[in-house]
$ cat model-v7.cif   # mmCIF, N, CA and C atoms
data_coords
loop_
_atom_site.label_atom_id
_atom_site.label_comp_id
_atom_site.auth_asym_id
_atom_site.auth_seq_id
_atom_site.Cartn_x
_atom_site.Cartn_y
_atom_site.Cartn_z
N PRO A 417 9.36 6.83 18.79
CA PRO A 417 8.94 5.96 19.89
C PRO A 417 7.43 5.96 20.14
N LYS A 418 6.76 7.04 19.77
CA LYS A 418 5.32 7.13 20.04
C LYS A 418 4.51 6.15 19.19
N THR A 419 4.97 5.83 18.00
CA THR A 419 4.22 4.95 17.10
C THR A 419 4.99 3.72 16.66
N ALA A 420 6.22 3.59 17.09
CA ALA A 420 7.06 2.48 16.65
C ALA A 420 7.47 1.61 17.84
N PRO A 421 7.10 0.33 17.85
CA PRO A 421 7.42 -0.50 19.01
C PRO A 421 8.91 -0.63 19.30
N TYR A 422 9.74 -0.71 18.26
CA TYR A 422 11.18 -0.82 18.51
C TYR A 422 11.75 0.50 19.01
N GLY A 423 11.21 1.59 18.53
CA GLY A 423 11.62 2.90 19.03
C GLY A 423 11.24 3.08 20.49
N ALA A 424 10.04 2.63 20.84
CA ALA A 424 9.60 2.71 22.24
C ALA A 424 10.50 1.86 23.13
N ALA A 425 10.85 0.68 22.66
CA ALA A 425 11.74 -0.20 23.43
C ALA A 425 13.12 0.44 23.59
N ALA A 426 13.63 1.05 22.53
CA ALA A 426 14.94 1.72 22.60
C ALA A 426 14.90 2.85 23.63
N GLU A 427 13.82 3.63 23.62
CA GLU A 427 13.70 4.70 24.61
C GLU A 427 13.65 4.13 26.03
N GLN A 428 12.90 3.06 26.23
CA GLN A 428 12.82 2.44 27.55
C GLN A 428 14.21 1.99 28.03
N VAL A 429 14.98 1.39 27.13
CA VAL A 429 16.32 0.92 27.49
C VAL A 429 17.20 2.10 27.89
N LEU A 430 17.20 3.14 27.07
CA LEU A 430 18.04 4.30 27.37
C LEU A 430 17.61 4.99 28.66
N ARG A 431 16.32 5.06 28.90
CA ARG A 431 15.84 5.64 30.17
C ARG A 431 16.26 4.77 31.35
N HIS A 432 16.12 3.46 31.20
CA HIS A 432 16.50 2.54 32.27
C HIS A 432 17.99 2.67 32.61
N LEU A 433 18.80 2.89 31.58
CA LEU A 433 20.25 3.02 31.78
C LEU A 433 20.67 4.44 32.18
N GLY A 434 19.69 5.35 32.25
CA GLY A 434 19.98 6.73 32.62
C GLY A 434 20.67 7.53 31.53
N LEU A 435 20.47 7.15 30.28
CA LEU A 435 21.16 7.80 29.16
C LEU A 435 20.26 8.63 28.26
N TRP A 436 18.95 8.54 28.43
CA TRP A 436 18.00 9.16 27.51
C TRP A 436 18.24 10.67 27.38
N GLU A 437 18.26 11.39 28.48
CA GLU A 437 18.41 12.85 28.43
C GLU A 437 19.78 13.24 27.87
N LYS A 438 20.81 12.56 28.30
CA LYS A 438 22.17 12.88 27.88
C LYS A 438 22.36 12.69 26.37
N LEU A 439 21.72 11.67 25.80
CA LEU A 439 21.92 11.35 24.39
C LEU A 439 20.96 12.07 23.44
N GLN A 440 19.97 12.77 23.96
CA GLN A 440 18.98 13.43 23.11
C GLN A 440 19.57 14.20 21.94
N PRO A 441 20.61 15.02 22.14
CA PRO A 441 21.14 15.80 21.00
C PRO A 441 21.77 14.94 19.90
N ARG A 442 22.10 13.71 20.22
CA ARG A 442 22.79 12.85 19.25
C ARG A 442 21.90 11.78 18.63
N ILE A 443 20.68 11.64 19.10
CA ILE A 443 19.79 10.58 18.63
C ILE A 443 19.23 10.91 17.25
N VAL A 444 19.37 9.95 16.35
CA VAL A 444 18.78 10.04 15.01
C VAL A 444 17.72 8.95 14.96
N ARG A 445 16.54 9.31 14.50
CA ARG A 445 15.44 8.35 14.46
C ARG A 445 15.17 7.90 13.02
N GLY A 446 15.06 6.60 12.85
CA GLY A 446 14.70 6.07 11.54
C GLY A 446 13.19 6.06 11.38
N GLU A 447 12.75 6.04 10.15
CA GLU A 447 11.30 5.97 9.87
C GLU A 447 10.75 4.60 10.22
N ASN A 448 11.61 3.59 10.17
CA ASN A 448 11.22 2.22 10.51
C ASN A 448 12.48 1.46 10.89
N ILE A 449 12.31 0.24 11.32
CA ILE A 449 13.46 -0.53 11.81
C ILE A 449 14.47 -0.81 10.71
N ALA A 450 14.01 -0.99 9.48
CA ALA A 450 14.93 -1.24 8.37
C ALA A 450 15.80 -0.01 8.09
N GLN A 451 15.20 1.17 8.13
CA GLN A 451 15.98 2.38 7.90
C GLN A 451 16.98 2.60 9.04
N THR A 452 16.56 2.33 10.26
CA THR A 452 17.45 2.46 11.41
C THR A 452 18.64 1.52 11.25
N TYR A 453 18.37 0.29 10.83
CA TYR A 453 19.47 -0.66 10.58
C TYR A 453 20.39 -0.12 9.47
N GLN A 454 19.81 0.43 8.44
CA GLN A 454 20.61 0.97 7.33
C GLN A 454 21.55 2.08 7.82
N PHE A 455 21.08 2.93 8.72
CA PHE A 455 21.94 3.99 9.26
C PHE A 455 23.20 3.40 9.89
N THR A 456 23.04 2.31 10.64
CA THR A 456 24.20 1.73 11.31
C THR A 456 25.04 0.89 10.35
N ALA A 457 24.38 0.14 9.48
CA ALA A 457 25.11 -0.73 8.55
C ALA A 457 25.99 0.05 7.58
N THR A 458 25.55 1.26 7.23
CA THR A 458 26.33 2.08 6.29
C THR A 458 27.35 2.96 7.00
N GLY A 459 27.32 2.96 8.33
CA GLY A 459 28.25 3.79 9.08
C GLY A 459 27.78 5.23 9.27
N ASN A 460 26.57 5.53 8.83
CA ASN A 460 26.04 6.88 9.02
C ASN A 460 25.62 7.14 10.45
N ALA A 461 25.51 6.10 11.24
CA ALA A 461 25.30 6.21 12.69
C ALA A 461 26.32 5.30 13.34
N GLN A 462 26.90 5.75 14.43
CA GLN A 462 27.93 4.96 15.10
C GLN A 462 27.35 3.75 15.84
N LEU A 463 26.09 3.87 16.25
CA LEU A 463 25.47 2.84 17.05
C LEU A 463 23.98 2.86 16.77
N GLY A 464 23.34 1.72 16.79
CA GLY A 464 21.90 1.68 16.57
C GLY A 464 21.25 0.60 17.39
N MET A 465 20.00 0.84 17.75
CA MET A 465 19.20 -0.17 18.42
C MET A 465 18.20 -0.66 17.40
N VAL A 466 18.40 -1.90 16.98
CA VAL A 466 17.56 -2.47 15.93
C VAL A 466 17.08 -3.85 16.36
N ALA A 467 16.14 -4.39 15.62
CA ALA A 467 15.63 -5.73 15.89
C ALA A 467 16.75 -6.75 15.71
N LEU A 468 16.76 -7.74 16.57
CA LEU A 468 17.76 -8.81 16.46
C LEU A 468 17.71 -9.45 15.09
N SER A 469 16.51 -9.57 14.52
CA SER A 469 16.38 -10.17 13.19
C SER A 469 17.15 -9.38 12.14
N GLU A 470 17.31 -8.08 12.33
CA GLU A 470 18.08 -7.25 11.40
C GLU A 470 19.59 -7.43 11.63
N ALA A 471 19.99 -7.53 12.88
CA ALA A 471 21.41 -7.53 13.22
C ALA A 471 22.04 -8.91 13.32
N LYS A 472 21.21 -9.93 13.39
CA LYS A 472 21.70 -11.28 13.71
C LYS A 472 22.85 -11.74 12.83
N ASN A 473 22.79 -11.50 11.55
CA ASN A 473 23.83 -11.97 10.64
C ASN A 473 24.58 -10.82 9.97
N SER A 474 24.63 -9.68 10.63
CA SER A 474 25.23 -8.49 10.01
C SER A 474 26.75 -8.53 9.98
N GLY A 475 27.35 -9.34 10.84
CA GLY A 475 28.80 -9.40 10.86
C GLY A 475 29.43 -8.35 11.77
N GLY A 476 28.66 -7.41 12.25
CA GLY A 476 29.18 -6.40 13.17
C GLY A 476 29.08 -6.88 14.60
N SER A 477 29.50 -6.03 15.50
CA SER A 477 29.37 -6.38 16.91
C SER A 477 27.94 -6.08 17.36
N ARG A 478 27.52 -6.74 18.42
CA ARG A 478 26.18 -6.48 18.93
C ARG A 478 26.12 -6.78 20.41
N TRP A 479 25.16 -6.17 21.05
CA TRP A 479 24.85 -6.42 22.45
C TRP A 479 23.39 -6.79 22.51
N ASP A 480 23.11 -7.99 22.96
CA ASP A 480 21.72 -8.41 23.12
C ASP A 480 21.19 -7.76 24.39
N ILE A 481 20.25 -6.86 24.22
CA ILE A 481 19.72 -6.08 25.34
C ILE A 481 18.92 -6.99 26.26
N PRO A 482 19.22 -6.97 27.55
CA PRO A 482 18.44 -7.80 28.48
C PRO A 482 16.96 -7.43 28.42
N GLN A 483 16.12 -8.45 28.36
CA GLN A 483 14.70 -8.22 28.17
C GLN A 483 14.03 -7.52 29.35
N ASN A 484 14.70 -7.47 30.49
CA ASN A 484 14.10 -6.76 31.63
C ASN A 484 14.25 -5.24 31.50
N LEU A 485 14.92 -4.76 30.45
CA LEU A 485 15.11 -3.33 30.26
C LEU A 485 14.02 -2.69 29.40
N TYR A 486 13.13 -3.49 28.84
CA TYR A 486 12.07 -2.96 27.98
C TYR A 486 10.86 -3.89 28.01
N THR A 487 9.72 -3.31 27.69
CA THR A 487 8.48 -4.08 27.60
C THR A 487 8.55 -4.97 26.36
N PRO A 488 8.25 -6.26 26.50
CA PRO A 488 8.33 -7.15 25.33
C PRO A 488 7.49 -6.64 24.16
N ILE A 489 8.01 -6.84 22.97
CA ILE A 489 7.30 -6.46 21.75
C ILE A 489 6.52 -7.68 21.27
N ARG A 490 5.23 -7.58 21.32
CA ARG A 490 4.36 -8.69 20.93
C ARG A 490 3.98 -8.54 19.46
N GLN A 491 4.20 -9.59 18.70
CA GLN A 491 3.82 -9.61 17.29
C GLN A 491 2.95 -10.84 17.07
N GLN A 492 1.97 -10.69 16.20
CA GLN A 492 1.02 -11.78 16.00
C GLN A 492 0.77 -12.02 14.52
N VAL A 493 0.24 -13.19 14.26
CA VAL A 493 -0.23 -13.51 12.92
C VAL A 493 -1.70 -13.90 13.05
N VAL A 494 -2.50 -13.47 12.10
CA VAL A 494 -3.92 -13.81 12.11
C VAL A 494 -4.34 -14.25 10.72
N LEU A 495 -5.34 -15.07 10.67
CA LEU A 495 -5.95 -15.47 9.41
C LEU A 495 -7.28 -14.74 9.32
N LEU A 496 -7.39 -13.83 8.37
CA LEU A 496 -8.61 -13.06 8.21
C LEU A 496 -9.72 -13.92 7.63
N VAL A 497 -10.94 -13.55 7.91
CA VAL A 497 -12.10 -14.30 7.42
C VAL A 497 -12.03 -14.43 5.90
N ARG A 498 -11.70 -13.34 5.22
CA ARG A 498 -11.69 -13.42 3.75
C ARG A 498 -10.58 -14.33 3.21
N GLY A 499 -9.60 -14.66 4.04
CA GLY A 499 -8.55 -15.58 3.62
C GLY A 499 -8.75 -17.00 4.13
N SER A 500 -9.80 -17.21 4.88
CA SER A 500 -9.99 -18.51 5.52
C SER A 500 -10.21 -19.66 4.53
N ASP A 501 -10.65 -19.34 3.33
CA ASP A 501 -10.83 -20.38 2.30
C ASP A 501 -9.63 -20.48 1.36
N ASN A 502 -8.61 -19.70 1.61
CA ASN A 502 -7.42 -19.69 0.76
C ASN A 502 -6.45 -20.76 1.26
N PRO A 503 -6.22 -21.80 0.47
CA PRO A 503 -5.34 -22.90 0.91
C PRO A 503 -3.92 -22.42 1.23
N ALA A 504 -3.40 -21.46 0.48
CA ALA A 504 -2.04 -20.97 0.74
C ALA A 504 -1.97 -20.24 2.07
N ALA A 505 -2.98 -19.45 2.38
CA ALA A 505 -3.01 -18.72 3.65
C ALA A 505 -3.11 -19.71 4.81
N ARG A 506 -3.93 -20.71 4.67
CA ARG A 506 -4.08 -21.70 5.74
C ARG A 506 -2.78 -22.51 5.90
N ALA A 507 -2.13 -22.82 4.77
CA ALA A 507 -0.87 -23.57 4.83
C ALA A 507 0.22 -22.75 5.51
N LEU A 508 0.27 -21.44 5.21
CA LEU A 508 1.27 -20.58 5.85
C LEU A 508 1.04 -20.54 7.35
N LEU A 509 -0.19 -20.35 7.77
CA LEU A 509 -0.49 -20.31 9.20
C LEU A 509 -0.14 -21.63 9.87
N ALA A 510 -0.46 -22.73 9.22
CA ALA A 510 -0.12 -24.05 9.77
C ALA A 510 1.40 -24.20 9.89
N TYR A 511 2.13 -23.75 8.88
CA TYR A 511 3.59 -23.84 8.91
C TYR A 511 4.15 -23.00 10.06
N LEU A 512 3.67 -21.77 10.20
CA LEU A 512 4.18 -20.90 11.26
C LEU A 512 3.93 -21.49 12.64
N ASN A 513 2.89 -22.27 12.79
CA ASN A 513 2.57 -22.92 14.07
C ASN A 513 3.24 -24.27 14.24
N SER A 514 3.91 -24.76 13.21
CA SER A 514 4.57 -26.07 13.28
C SER A 514 5.93 -25.94 13.97
N ASP A 515 6.50 -27.08 14.35
CA ASP A 515 7.84 -27.08 14.94
C ASP A 515 8.87 -26.49 13.97
N ALA A 516 8.76 -26.85 12.69
CA ALA A 516 9.70 -26.33 11.69
C ALA A 516 9.56 -24.81 11.56
N GLY A 517 8.35 -24.33 11.53
CA GLY A 517 8.13 -22.89 11.43
C GLY A 517 8.66 -22.16 12.65
N ARG A 518 8.44 -22.71 13.82
CA ARG A 518 8.94 -22.08 15.06
C ARG A 518 10.47 -22.07 15.08
N ARG A 519 11.09 -23.10 14.53
CA ARG A 519 12.56 -23.11 14.46
C ARG A 519 13.05 -21.97 13.58
N VAL A 520 12.38 -21.74 12.46
CA VAL A 520 12.77 -20.63 11.58
C VAL A 520 12.58 -19.30 12.30
N ILE A 521 11.45 -19.14 12.96
CA ILE A 521 11.18 -17.90 13.69
C ILE A 521 12.27 -17.65 14.73
N HIS A 522 12.63 -18.68 15.47
CA HIS A 522 13.70 -18.54 16.48
C HIS A 522 15.05 -18.26 15.82
N SER A 523 15.31 -18.87 14.67
CA SER A 523 16.62 -18.71 14.03
C SER A 523 16.88 -17.28 13.57
N VAL A 524 15.83 -16.50 13.35
CA VAL A 524 16.02 -15.11 12.92
C VAL A 524 15.85 -14.12 14.07
N GLY A 525 15.78 -14.63 15.30
CA GLY A 525 15.82 -13.75 16.44
C GLY A 525 14.52 -13.45 17.14
N TYR A 526 13.46 -14.15 16.77
CA TYR A 526 12.17 -13.91 17.43
C TYR A 526 11.84 -15.06 18.37
N GLY A 527 11.06 -14.77 19.39
CA GLY A 527 10.58 -15.80 20.30
C GLY A 527 9.17 -16.20 19.91
N THR A 528 8.71 -17.29 20.46
CA THR A 528 7.33 -17.73 20.26
C THR A 528 6.77 -18.10 21.62
N GLU A 529 5.49 -17.96 21.73
CA GLU A 529 4.83 -18.32 23.01
C GLU A 529 3.79 -19.37 22.75
#

$ encode --input "model-v7.cif" --output "structure tokens"
Amino acid sequence: PKTAPYGAAAEQVLRHLGLWEKLQPRIVRGENIAQTYQFTATGNAQLGMVALSEAKNSGGSRWDIPQNLYTPIRQQVVLLVRGSDNPAARALLAYLNSDAGRRVIHSVGYGTE
């Protein structure tokens, strides 16, 4: 949780629900969100808190955590100066900002502002 935004959000949710201290002996931490998803997908963990983008099409059950239980996770895209003359980089950024790109972003579980 100290260096991982999804881990920090999971801790906030468990604290908000009054479960953090009680569950401490049973909590297994993944190195990243993909590994955490793998723990649950393989059955090596009974329950996991993972990104919606990981769980959206998993076929398992899920609970969409109310956003008021954790601080929003802000993710950004930037075009670096050294890539500013790269047509592919500029095209990707333009696509991500387009209506079609935003639909894809939403379809995998992310919001846009």

$ atom_distance --input "model-v7.cif" --atom1 "CA of Arg490 (chain A)" --atom2 "atom N of Pro441 (chain A)"
28.8 Å

$ atom_distance --input "model-v7.cif" --atom1 "atom N of Gln428 (chain A)" --atom2 "atom N of Gln440 (chain A)"
12.2 Å

$ residues_around --input "model-v7.cif" --residues "region 450-454 of chain A" --least-positions-apart "2" --cutoff "8 Å" --atoms "only N, CA and C atoms" --output "list in words"
Val444, Arg445, Gly446, Glu447, Asn448, Thr456, Ala457, Thr458, Gly459, Asn460, Ala461, Leu463, Gly464, Met465, Val466, Ala467, Glu470 and Ala471 of chain A

$ closest_residue --input "model-v7.cif" --among "A:Ala420, A:Val497, A:Ile449, A:Leu485" --to "His432 (chain A)" --atoms "all atoms listed in the file"
A:Leu485

$ atom_distance --input "model-v7.cif" --atom1 "CA of Gly499 (chain A)" --atom2 "atom N of Tyr511 (chain A)"
14.4 Å

$ select_by_dssp --input "model-v7.cif" --residues "chain A" --states "alpha helix (DSSP H)" --output "PyMOL selection string"
chain A and resi 421-432+436-439+449-457+468-471+503-513+515-523

$ residues_around --input "model-v7.cif" --residues "region 516-527 of chain A" --least-positions-apart "4" --cutoff "5 Å" --atoms "only N, CA and C atoms" --output "number ranges by chain"
A: 468-469, 511-512

$ residues_around --input "model-v7.cif" --residues "Pro421 (chain A)" --least-positions-apart "5" --cutoff "8 Å" --atoms "all atoms listed in the file" --output "number ranges by chain"
A: 426-427, 488-490

$ residues_near_point --input "model-v7.cif" --point "(0.7, -14.0, 19.7)" --cutoff "6.5 Å" --atoms "all atoms listed in the file" --output "PyMOL selection string"
chain A and resi 490-493

$ closest_residue --input "model-v7.cif" --among "A:Ala505, A:Leu430, A:Ala425, A:Ile443" --to "Thr487 (chain A)" --atoms "only N, CA and C atoms"
A:Ala425
